[in-house]
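Here's final.cif, which has mmCIF, N, CA and C atoms:
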```
data_target
loop_
_atom_site.label_atom_id
_atom_site.label_comp_id
_atom_site.auth_asym_id
_atom_site.auth_seq_id
_atom_site.Cartn_x
_atom_site.Cartn_y
_atom_site.Cartn_z
N MET A 70 236.03 10.67 -88.67
CA MET A 70 235.11 10.08 -87.72
C MET A 70 235.87 9.12 -86.82
N ALA A 71 235.43 9.03 -85.59
CA ALA A 71 236.03 8.11 -84.65
C ALA A 71 235.01 7.04 -84.26
N ALA A 72 235.50 5.84 -84.06
CA ALA A 72 234.63 4.76 -83.59
C ALA A 72 234.63 4.79 -82.06
N VAL A 73 233.45 4.75 -81.49
CA VAL A 73 233.33 4.76 -80.04
C VAL A 73 232.40 3.64 -79.61
N PRO A 74 232.58 3.13 -78.39
CA PRO A 74 231.65 2.10 -77.89
C PRO A 74 230.24 2.66 -77.79
N LEU A 75 229.28 1.82 -78.00
CA LEU A 75 227.89 2.24 -77.95
C LEU A 75 227.14 1.37 -76.95
N ALA A 76 226.44 1.98 -76.03
CA ALA A 76 225.59 1.26 -75.10
C ALA A 76 224.19 1.23 -75.70
N ALA A 77 223.74 0.06 -76.11
CA ALA A 77 222.43 -0.03 -76.76
C ALA A 77 221.84 -1.41 -76.52
N HIS A 78 220.60 -1.54 -76.91
CA HIS A 78 219.97 -2.84 -76.88
C HIS A 78 219.60 -3.20 -78.31
N GLU A 79 219.34 -4.46 -78.52
CA GLU A 79 219.01 -4.93 -79.86
C GLU A 79 217.70 -5.67 -79.82
N LEU A 80 217.12 -5.82 -80.99
CA LEU A 80 215.98 -6.70 -81.18
C LEU A 80 216.34 -7.57 -82.38
N TRP A 81 216.19 -8.87 -82.23
CA TRP A 81 216.52 -9.75 -83.35
C TRP A 81 215.47 -10.84 -83.48
N ILE A 82 215.48 -11.47 -84.66
CA ILE A 82 214.61 -12.60 -84.96
C ILE A 82 215.46 -13.85 -84.84
N GLU A 83 215.08 -14.75 -83.94
CA GLU A 83 215.86 -15.94 -83.64
C GLU A 83 215.09 -17.19 -84.06
N PRO A 84 215.51 -17.88 -85.12
CA PRO A 84 214.77 -19.07 -85.56
C PRO A 84 214.81 -20.18 -84.52
N VAL A 85 213.71 -20.92 -84.41
CA VAL A 85 213.67 -22.07 -83.51
C VAL A 85 214.53 -23.19 -84.09
N ALA A 86 214.46 -23.37 -85.41
CA ALA A 86 215.27 -24.38 -86.11
C ALA A 86 215.85 -23.75 -87.37
N PRO A 87 217.10 -24.08 -87.71
CA PRO A 87 217.70 -23.47 -88.90
C PRO A 87 217.16 -24.01 -90.22
N ARG A 88 216.59 -25.21 -90.19
CA ARG A 88 216.03 -25.81 -91.40
C ARG A 88 214.65 -26.38 -91.08
N VAL A 89 213.76 -26.23 -92.04
CA VAL A 89 212.39 -26.70 -91.88
C VAL A 89 211.98 -27.38 -93.17
N ALA A 90 211.25 -28.47 -93.07
CA ALA A 90 210.73 -29.14 -94.26
C ALA A 90 209.79 -28.20 -95.00
N ALA A 91 209.68 -28.39 -96.32
CA ALA A 91 208.83 -27.53 -97.14
C ALA A 91 207.39 -27.52 -96.64
N GLU A 92 206.94 -28.61 -96.05
CA GLU A 92 205.57 -28.65 -95.53
C GLU A 92 205.54 -28.41 -94.01
N GLY A 93 206.67 -27.96 -93.46
CA GLY A 93 206.77 -27.71 -92.02
C GLY A 93 206.36 -26.30 -91.64
N ARG A 94 206.63 -25.95 -90.38
CA ARG A 94 206.30 -24.62 -89.86
C ARG A 94 207.59 -23.83 -89.65
N ILE A 95 207.53 -22.58 -90.05
CA ILE A 95 208.61 -21.64 -89.76
C ILE A 95 208.28 -21.05 -88.39
N GLU A 96 209.21 -21.17 -87.45
CA GLU A 96 209.01 -20.62 -86.11
C GLU A 96 210.24 -19.81 -85.72
N ALA A 97 209.97 -18.65 -85.14
CA ALA A 97 211.07 -17.80 -84.70
C ALA A 97 210.60 -16.91 -83.56
N HIS A 98 211.54 -16.59 -82.69
CA HIS A 98 211.29 -15.70 -81.56
C HIS A 98 211.72 -14.28 -81.92
N LEU A 99 210.99 -13.30 -81.45
CA LEU A 99 211.46 -11.93 -81.42
C LEU A 99 212.14 -11.78 -80.07
N VAL A 100 213.40 -11.35 -80.07
CA VAL A 100 214.16 -11.27 -78.82
C VAL A 100 214.68 -9.85 -78.64
N ASN A 101 214.48 -9.30 -77.46
CA ASN A 101 214.97 -7.97 -77.11
C ASN A 101 216.02 -8.14 -76.03
N GLY A 102 217.21 -7.61 -76.25
CA GLY A 102 218.25 -7.74 -75.25
C GLY A 102 219.54 -7.10 -75.71
N GLU A 103 220.63 -7.63 -75.21
CA GLU A 103 221.95 -7.17 -75.60
C GLU A 103 222.93 -8.31 -75.49
N GLU A 104 223.97 -8.26 -76.34
CA GLU A 104 224.99 -9.30 -76.38
C GLU A 104 224.38 -10.68 -76.59
N PHE A 105 223.33 -10.74 -77.38
CA PHE A 105 222.61 -11.96 -77.74
C PHE A 105 222.08 -12.74 -76.54
N ARG A 106 221.73 -11.99 -75.50
CA ARG A 106 220.97 -12.53 -74.37
C ARG A 106 219.79 -11.59 -74.22
N GLY A 107 218.61 -12.17 -74.03
CA GLY A 107 217.48 -11.27 -73.91
C GLY A 107 216.18 -11.96 -73.58
N THR A 108 215.11 -11.21 -73.75
CA THR A 108 213.77 -11.66 -73.43
C THR A 108 213.02 -11.96 -74.71
N ARG A 109 212.38 -13.12 -74.75
CA ARG A 109 211.56 -13.47 -75.90
C ARG A 109 210.23 -12.73 -75.80
N LEU A 110 209.88 -12.05 -76.88
CA LEU A 110 208.68 -11.24 -76.91
C LEU A 110 207.51 -12.03 -77.49
N SER A 111 206.33 -11.69 -77.06
CA SER A 111 205.10 -12.32 -77.54
C SER A 111 204.65 -11.70 -78.85
N PHE A 112 203.73 -12.38 -79.51
CA PHE A 112 203.08 -11.83 -80.69
C PHE A 112 202.12 -10.74 -80.21
N LEU A 113 202.48 -9.51 -80.46
CA LEU A 113 201.69 -8.35 -80.05
C LEU A 113 201.54 -7.42 -81.25
N PRO A 114 200.53 -7.65 -82.09
CA PRO A 114 200.42 -6.91 -83.34
C PRO A 114 200.32 -5.40 -83.17
N GLY A 115 199.90 -4.91 -82.04
CA GLY A 115 199.86 -3.47 -81.81
C GLY A 115 201.24 -2.84 -81.79
N GLN A 116 202.27 -3.66 -81.58
CA GLN A 116 203.64 -3.15 -81.56
C GLN A 116 204.34 -3.29 -82.91
N PHE A 117 203.68 -3.92 -83.88
CA PHE A 117 204.29 -4.15 -85.19
C PHE A 117 203.84 -3.08 -86.18
N ALA A 118 204.78 -2.47 -86.86
CA ALA A 118 204.44 -1.68 -88.04
C ALA A 118 204.33 -2.65 -89.21
N ARG A 119 205.15 -3.71 -89.13
CA ARG A 119 205.19 -4.71 -90.20
C ARG A 119 205.86 -5.97 -89.67
N PHE A 120 205.31 -7.13 -90.04
CA PHE A 120 205.89 -8.42 -89.65
C PHE A 120 205.49 -9.39 -90.75
N ASP A 121 206.44 -9.72 -91.63
CA ASP A 121 206.16 -10.52 -92.82
C ASP A 121 207.15 -11.67 -92.95
N LEU A 122 206.72 -12.68 -93.70
CA LEU A 122 207.59 -13.78 -94.09
C LEU A 122 207.66 -13.78 -95.61
N HIS A 123 208.87 -13.83 -96.16
CA HIS A 123 209.09 -13.75 -97.60
C HIS A 123 209.78 -15.00 -98.12
N LEU A 124 209.41 -15.40 -99.32
CA LEU A 124 210.08 -16.46 -100.06
C LEU A 124 210.06 -16.05 -101.52
N ASP A 125 211.23 -15.83 -102.08
CA ASP A 125 211.34 -15.36 -103.46
C ASP A 125 210.48 -14.11 -103.65
N ASP A 126 209.53 -14.15 -104.58
CA ASP A 126 208.69 -12.98 -104.85
C ASP A 126 207.37 -12.99 -104.07
N SER A 127 207.19 -13.97 -103.22
CA SER A 127 205.95 -14.03 -102.45
C SER A 127 206.19 -13.62 -101.01
N ALA A 128 205.13 -13.11 -100.40
CA ALA A 128 205.21 -12.67 -99.00
C ALA A 128 203.87 -12.92 -98.33
N ALA A 129 203.92 -13.12 -97.02
CA ALA A 129 202.70 -13.28 -96.23
C ALA A 129 202.91 -12.58 -94.91
N ALA A 130 201.88 -11.86 -94.47
CA ALA A 130 201.93 -11.23 -93.15
C ALA A 130 201.95 -12.32 -92.09
N VAL A 131 202.79 -12.15 -91.09
CA VAL A 131 202.82 -13.10 -89.98
C VAL A 131 201.52 -12.91 -89.21
N ASP A 132 200.82 -14.01 -89.00
CA ASP A 132 199.55 -13.98 -88.31
C ASP A 132 199.68 -14.84 -87.07
N GLY A 133 199.01 -14.48 -86.03
CA GLY A 133 199.05 -15.26 -84.81
C GLY A 133 197.99 -14.77 -83.85
N ARG A 134 198.06 -15.32 -82.64
CA ARG A 134 197.17 -14.87 -81.58
C ARG A 134 197.98 -14.04 -80.60
N ILE A 135 197.34 -13.03 -80.07
CA ILE A 135 198.02 -12.17 -79.10
C ILE A 135 198.59 -13.04 -77.98
N GLY A 136 199.87 -12.83 -77.71
CA GLY A 136 200.54 -13.57 -76.66
C GLY A 136 201.31 -14.79 -77.12
N ASP A 137 201.18 -15.18 -78.39
CA ASP A 137 201.90 -16.37 -78.89
C ASP A 137 203.40 -16.22 -78.71
N VAL A 138 204.03 -17.29 -78.26
CA VAL A 138 205.48 -17.42 -78.19
C VAL A 138 205.81 -18.81 -78.73
N PRO A 139 206.56 -18.94 -79.80
CA PRO A 139 207.27 -17.87 -80.49
C PRO A 139 206.31 -16.96 -81.25
N ALA A 140 206.78 -15.74 -81.48
CA ALA A 140 205.94 -14.73 -82.13
C ALA A 140 205.66 -15.09 -83.59
N LEU A 141 206.58 -15.79 -84.23
CA LEU A 141 206.37 -16.21 -85.62
C LEU A 141 206.19 -17.71 -85.62
N SER A 142 205.05 -18.17 -86.07
CA SER A 142 204.77 -19.60 -86.20
C SER A 142 203.73 -19.76 -87.30
N MET A 143 204.22 -20.14 -88.49
CA MET A 143 203.30 -20.29 -89.62
C MET A 143 203.86 -21.30 -90.61
N PRO A 144 203.01 -21.85 -91.47
CA PRO A 144 203.49 -22.83 -92.45
C PRO A 144 204.52 -22.21 -93.38
N ALA A 145 205.48 -23.02 -93.79
CA ALA A 145 206.45 -22.57 -94.78
C ALA A 145 205.71 -22.17 -96.05
N LEU A 146 206.23 -21.19 -96.74
CA LEU A 146 205.61 -20.70 -97.97
C LEU A 146 205.99 -21.56 -99.18
N GLY A 147 206.89 -22.51 -98.98
CA GLY A 147 207.36 -23.37 -100.06
C GLY A 147 208.77 -23.81 -99.76
N THR A 148 209.51 -24.17 -100.81
CA THR A 148 210.88 -24.63 -100.66
C THR A 148 211.83 -23.48 -100.96
N GLY A 149 212.80 -23.27 -100.10
CA GLY A 149 213.80 -22.24 -100.33
C GLY A 149 214.02 -21.38 -99.10
N LEU A 150 214.89 -20.41 -99.28
CA LEU A 150 215.25 -19.52 -98.18
C LEU A 150 214.12 -18.55 -97.86
N HIS A 151 213.64 -18.61 -96.64
CA HIS A 151 212.62 -17.68 -96.15
C HIS A 151 213.31 -16.53 -95.42
N VAL A 152 212.75 -15.35 -95.56
CA VAL A 152 213.28 -14.18 -94.88
C VAL A 152 212.15 -13.56 -94.06
N ALA A 153 212.40 -13.38 -92.77
CA ALA A 153 211.41 -12.74 -91.90
C ALA A 153 211.78 -11.26 -91.80
N LEU A 154 210.77 -10.41 -91.92
CA LEU A 154 210.96 -8.97 -91.85
C LEU A 154 210.10 -8.45 -90.70
N TYR A 155 210.72 -7.71 -89.80
CA TYR A 155 210.01 -7.16 -88.65
C TYR A 155 210.34 -5.68 -88.54
N GLN A 156 209.32 -4.86 -88.38
CA GLN A 156 209.50 -3.43 -88.12
C GLN A 156 208.57 -3.06 -86.98
N SER A 157 209.15 -2.54 -85.91
CA SER A 157 208.34 -2.17 -84.76
C SER A 157 207.78 -0.76 -84.92
N ARG A 158 206.75 -0.48 -84.16
CA ARG A 158 206.23 0.89 -84.09
C ARG A 158 207.11 1.66 -83.11
N PRO A 159 207.17 2.97 -83.26
CA PRO A 159 207.94 3.77 -82.29
C PRO A 159 207.40 3.56 -80.87
N ALA A 160 208.29 3.52 -79.92
CA ALA A 160 207.91 3.35 -78.51
C ALA A 160 208.73 4.31 -77.66
N THR A 161 208.15 4.74 -76.56
CA THR A 161 208.87 5.61 -75.64
C THR A 161 208.91 4.98 -74.26
N LEU A 162 209.88 5.38 -73.52
CA LEU A 162 210.05 4.92 -72.15
C LEU A 162 210.11 6.17 -71.28
N ARG A 163 209.41 6.15 -70.17
CA ARG A 163 209.35 7.33 -69.31
C ARG A 163 209.83 6.96 -67.91
N TYR A 164 210.84 7.69 -67.44
CA TYR A 164 211.33 7.53 -66.08
C TYR A 164 210.63 8.58 -65.23
N GLU A 165 209.78 8.15 -64.33
CA GLU A 165 208.96 9.08 -63.53
C GLU A 165 209.76 9.78 -62.44
N THR A 166 210.82 9.12 -61.95
CA THR A 166 211.60 9.71 -60.86
C THR A 166 213.08 9.78 -61.24
N ALA A 167 213.79 10.72 -60.62
CA ALA A 167 215.23 10.85 -60.85
C ALA A 167 215.95 9.58 -60.40
N ASP A 168 215.46 8.93 -59.33
CA ASP A 168 216.10 7.71 -58.84
C ASP A 168 216.03 6.58 -59.87
N LYS A 169 214.88 6.45 -60.55
CA LYS A 169 214.74 5.41 -61.58
C LYS A 169 215.70 5.67 -62.74
N LEU A 170 215.80 6.93 -63.15
CA LEU A 170 216.72 7.28 -64.23
C LEU A 170 218.17 7.03 -63.80
N ALA A 171 218.51 7.40 -62.58
CA ALA A 171 219.87 7.19 -62.07
C ALA A 171 220.21 5.70 -62.01
N ALA A 172 219.25 4.87 -61.61
CA ALA A 172 219.49 3.42 -61.55
C ALA A 172 219.74 2.86 -62.94
N PHE A 173 218.96 3.32 -63.93
CA PHE A 173 219.17 2.87 -65.31
C PHE A 173 220.55 3.31 -65.80
N ALA A 174 220.90 4.58 -65.55
CA ALA A 174 222.19 5.10 -65.99
C ALA A 174 223.35 4.34 -65.34
N ALA A 175 223.21 4.00 -64.07
CA ALA A 175 224.26 3.24 -63.38
C ALA A 175 224.38 1.84 -63.98
N HIS A 176 223.25 1.20 -64.25
CA HIS A 176 223.26 -0.14 -64.84
C HIS A 176 223.97 -0.14 -66.20
N LYS A 177 223.77 0.91 -66.98
CA LYS A 177 224.36 1.01 -68.32
C LYS A 177 225.71 1.73 -68.30
N ASP A 178 226.18 2.13 -67.12
CA ASP A 178 227.45 2.84 -66.97
C ASP A 178 227.49 4.09 -67.84
N LEU A 179 226.44 4.91 -67.74
CA LEU A 179 226.32 6.11 -68.57
C LEU A 179 226.83 7.37 -67.91
N GLY A 180 227.29 7.26 -66.68
CA GLY A 180 227.78 8.45 -65.99
C GLY A 180 226.68 9.14 -65.20
N ASP A 181 226.96 10.35 -64.79
CA ASP A 181 226.04 11.12 -63.95
C ASP A 181 224.99 11.81 -64.83
N ILE A 182 223.94 11.10 -65.12
CA ILE A 182 222.87 11.61 -65.99
C ILE A 182 222.23 12.86 -65.40
N ALA A 183 222.05 12.88 -64.09
CA ALA A 183 221.42 14.05 -63.45
C ALA A 183 222.25 15.31 -63.73
N ALA A 184 223.56 15.22 -63.61
CA ALA A 184 224.43 16.37 -63.86
C ALA A 184 224.41 16.75 -65.35
N MET A 185 224.41 15.76 -66.22
CA MET A 185 224.36 16.03 -67.67
C MET A 185 223.06 16.73 -68.04
N ASN A 186 221.95 16.25 -67.49
CA ASN A 186 220.65 16.87 -67.79
C ASN A 186 220.58 18.28 -67.22
N ALA A 187 221.10 18.47 -66.00
CA ALA A 187 221.09 19.80 -65.38
C ALA A 187 221.91 20.78 -66.24
N ALA A 188 223.05 20.32 -66.77
CA ALA A 188 223.89 21.18 -67.61
C ALA A 188 223.16 21.58 -68.89
N ARG A 189 222.24 20.75 -69.34
CA ARG A 189 221.47 21.05 -70.55
C ARG A 189 220.16 21.79 -70.23
N GLY A 190 219.94 22.05 -68.93
CA GLY A 190 218.73 22.75 -68.53
C GLY A 190 217.50 21.88 -68.50
N LEU A 191 217.69 20.56 -68.42
CA LEU A 191 216.56 19.63 -68.39
C LEU A 191 216.17 19.33 -66.94
N PRO A 192 214.92 19.04 -66.70
CA PRO A 192 214.47 18.72 -65.33
C PRO A 192 214.99 17.34 -64.92
N PRO A 193 215.12 17.11 -63.61
CA PRO A 193 215.60 15.80 -63.13
C PRO A 193 214.59 14.68 -63.40
N ALA A 194 213.32 15.00 -63.47
CA ALA A 194 212.28 13.99 -63.74
C ALA A 194 210.98 14.71 -64.05
N PRO A 195 210.07 14.13 -64.71
CA PRO A 195 210.20 12.88 -65.44
C PRO A 195 211.03 13.05 -66.71
N VAL A 196 211.58 11.94 -67.19
CA VAL A 196 212.40 11.96 -68.40
C VAL A 196 211.83 10.93 -69.35
N THR A 197 211.65 11.34 -70.60
CA THR A 197 211.13 10.43 -71.63
C THR A 197 212.25 10.11 -72.60
N GLU A 198 212.39 8.84 -72.90
CA GLU A 198 213.43 8.38 -73.82
C GLU A 198 212.75 7.94 -75.11
#
```
What does the file become when written as structure tokens?
Amino acid sequence: MAAVPLAAHELWIEPVAPRVAAEGRIEAHLVNGEEFRGTRLSFLPGQFARFDLHLDDSAAAVDGRIGDVPALSMPALGTGLHVALYQSRPATLRYETADKLAAFAAHKDLGDIAAMNAARGLPPAPVTE
């Protein structure tokens, strides 16, 4: 196997504070981006398959109001290391025009996507990712 560069985006959970008092609030942002720069996402439960906070053997579903930022803001479950678990639902992105797809490919330095798709017998648009 060979290691090759990968053009991708990430989603991560970014704590507001690294330490919280046992009676304090655990707060964290869901961030979508790349190279640890990105957009903070709102609490949107329709996009979550699962969003939990764990401490030892106990767990609680992250609860909030639609649109909350940070997306995770709830009382600590006790004293100790808390672990936040997030699983998104599958999502698709659709490029309606060849120009939109070409602009995305140029931004990500992916090469001539139109030519690659044509070689595979795919239409120039719309394209679903």
Which residues come within 7 Å of Leu99 in chain A, counting only C-alpha atoms, excluding same-chain residues fewer than 4 positions away, as a compact mmCIF listing (two decimals) with N, CA and C atoms, in the frame of the given file?
```txt
# COMPACT_ATOMS: atom_id res chain seq x y z
N LEU A 80 217.12 -5.82 -80.99
CA LEU A 80 215.98 -6.70 -81.18
C LEU A 80 216.34 -7.57 -82.38
N TRP A 81 216.19 -8.87 -82.23
CA TRP A 81 216.52 -9.75 -83.35
C TRP A 81 215.47 -10.84 -83.48
N ILE A 82 215.48 -11.47 -84.66
CA ILE A 82 214.61 -12.60 -84.96
C ILE A 82 215.46 -13.85 -84.84
N GLU A 83 215.08 -14.75 -83.94
CA GLU A 83 215.86 -15.94 -83.64
C GLU A 83 215.09 -17.19 -84.06
N ARG A 109 212.38 -13.12 -74.75
CA ARG A 109 211.56 -13.47 -75.90
C ARG A 109 210.23 -12.73 -75.80
N LEU A 110 209.88 -12.05 -76.88
CA LEU A 110 208.68 -11.24 -76.91
C LEU A 110 207.51 -12.03 -77.49
N ALA A 140 206.78 -15.74 -81.48
CA ALA A 140 205.94 -14.73 -82.13
C ALA A 140 205.66 -15.09 -83.59
```
(request) Determine, counting all atoms listed in the file, which protein, DNA and RNA residues have an atom within 8 Å of an atom of Pro84 in chain A; residues of the same chain fewer than 3 positions away are not included. Present the result as a list in words. (result)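 So the residues in contact are Trp81, Pro87, Arg88, Ile95, Glu96, Ala97, His98 and Leu99 of chain A.
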(message) Given the PyMOL selection byres (((chain A and resi 164 and name CA) around 9) and name CA) and the file above, list the residues it selects as a VMD selection string.
(response) chain A and resid 162 to 163 165 to 170 194 to 198
(message) Excluding Gln116 in chain A and its own-chain neighbours fewer than 2 positions away, which residues fall within 6.5 Å of it when counting all atoms listed in the file? Please give them as a PyMOL selection string.
(response) chain A and resi 113-114+118-119+156-158
(request) Run the PyMOL selection byres (((chain A and resi 136 and name CA) around 7) and name CA) mentally over the shown coordinates, then write out the matched residues as a VMD selection string, using the chain letters and numbers from the document. (result) chain A and resid 111 to 113 134 to 135 137 to 138
(request) Tell me, in Å to one decimal, how far atom C of Pro159 in chain A is from atom C of Asn186 in chain A. (result)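 These two atoms are separated by 24.0 Å.
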(request) May I ask for the distance between atom N of Gly107 in chain A and CA of Glu79 in chain A, given in Å to one decimal place? (result)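 The value is 9.3 Å.
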(request) Pull the neighbourhood of (213.3, -22.9, -99.7) for me: all residues within 9 Å in file coordinates, counting only C-alpha atoms, as a ChimeraX atom specification. (result) /A:89-91,124-125,145-151
(request) Could you jot down the CA of Thr161 in chain A to CA of Leu191 in chain A separation for me, Å, one decimal place? (result) 17.6 Å
(request) Give the answer as one residue: which of A:Ser142, A:Asn101, A:Glu92, A:Ala153 has the shortest atom-to-atom distance to Asp121 in chain A, using only C-alpha atoms? (result) A:Ala153
(message) Run DSSP on the backbone and tell me which residues of range 120-172 of chain A come out as alpha helix (DSSP H); list them as a ChimeraX atom specification.
(response) /A:167-172
Only N, CA and C atoms, please: the residues just picked out, written as an mmCIF file, keeping the file's coordinate frame.
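Result saved to selection-v6.cif:
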```cif
data_model
loop_
_atom_site.group_PDB
_atom_site.id
_atom_site.type_symbol
_atom_site.label_atom_id
_atom_site.label_comp_id
_atom_site.auth_asym_id
_atom_site.auth_seq_id
_atom_site.Cartn_x
_atom_site.Cartn_y
_atom_site.Cartn_z
ATOM 1 N N ALA A 167 213.790 10.720 -60.620
ATOM 2 C CA ALA A 167 215.230 10.850 -60.850
ATOM 3 C C ALA A 167 215.950 9.580 -60.400
ATOM 4 N N ASP A 168 215.460 8.930 -59.330
ATOM 5 C CA ASP A 168 216.100 7.710 -58.840
ATOM 6 C C ASP A 168 216.030 6.580 -59.870
ATOM 7 N N LYS A 169 214.880 6.450 -60.550
ATOM 8 C CA LYS A 169 214.740 5.410 -61.580
ATOM 9 C C LYS A 169 215.700 5.670 -62.740
ATOM 10 N N LEU A 170 215.800 6.930 -63.150
ATOM 11 C CA LEU A 170 216.720 7.280 -64.230
ATOM 12 C C LEU A 170 218.170 7.030 -63.800
ATOM 13 N N ALA A 171 218.510 7.400 -62.580
ATOM 14 C CA ALA A 171 219.870 7.190 -62.070
ATOM 15 C C ALA A 171 220.210 5.700 -62.010
ATOM 16 N N ALA A 172 219.250 4.870 -61.610
ATOM 17 C CA ALA A 172 219.490 3.420 -61.550
ATOM 18 C C ALA A 172 219.740 2.860 -62.940
#
```
Build an axis-aligned box that encloses every atom of range 140-144 of chain A listed in the file, pad it by 3 Å on each side, and report its centre and edge lengths in Å to one decimal, as JSON.
```
{"center_x": 204.9, "center_y": -18.8, "center_z": -87.4, "size_x": 9.8, "size_y": 14.1, "size_z": 17.9}
```
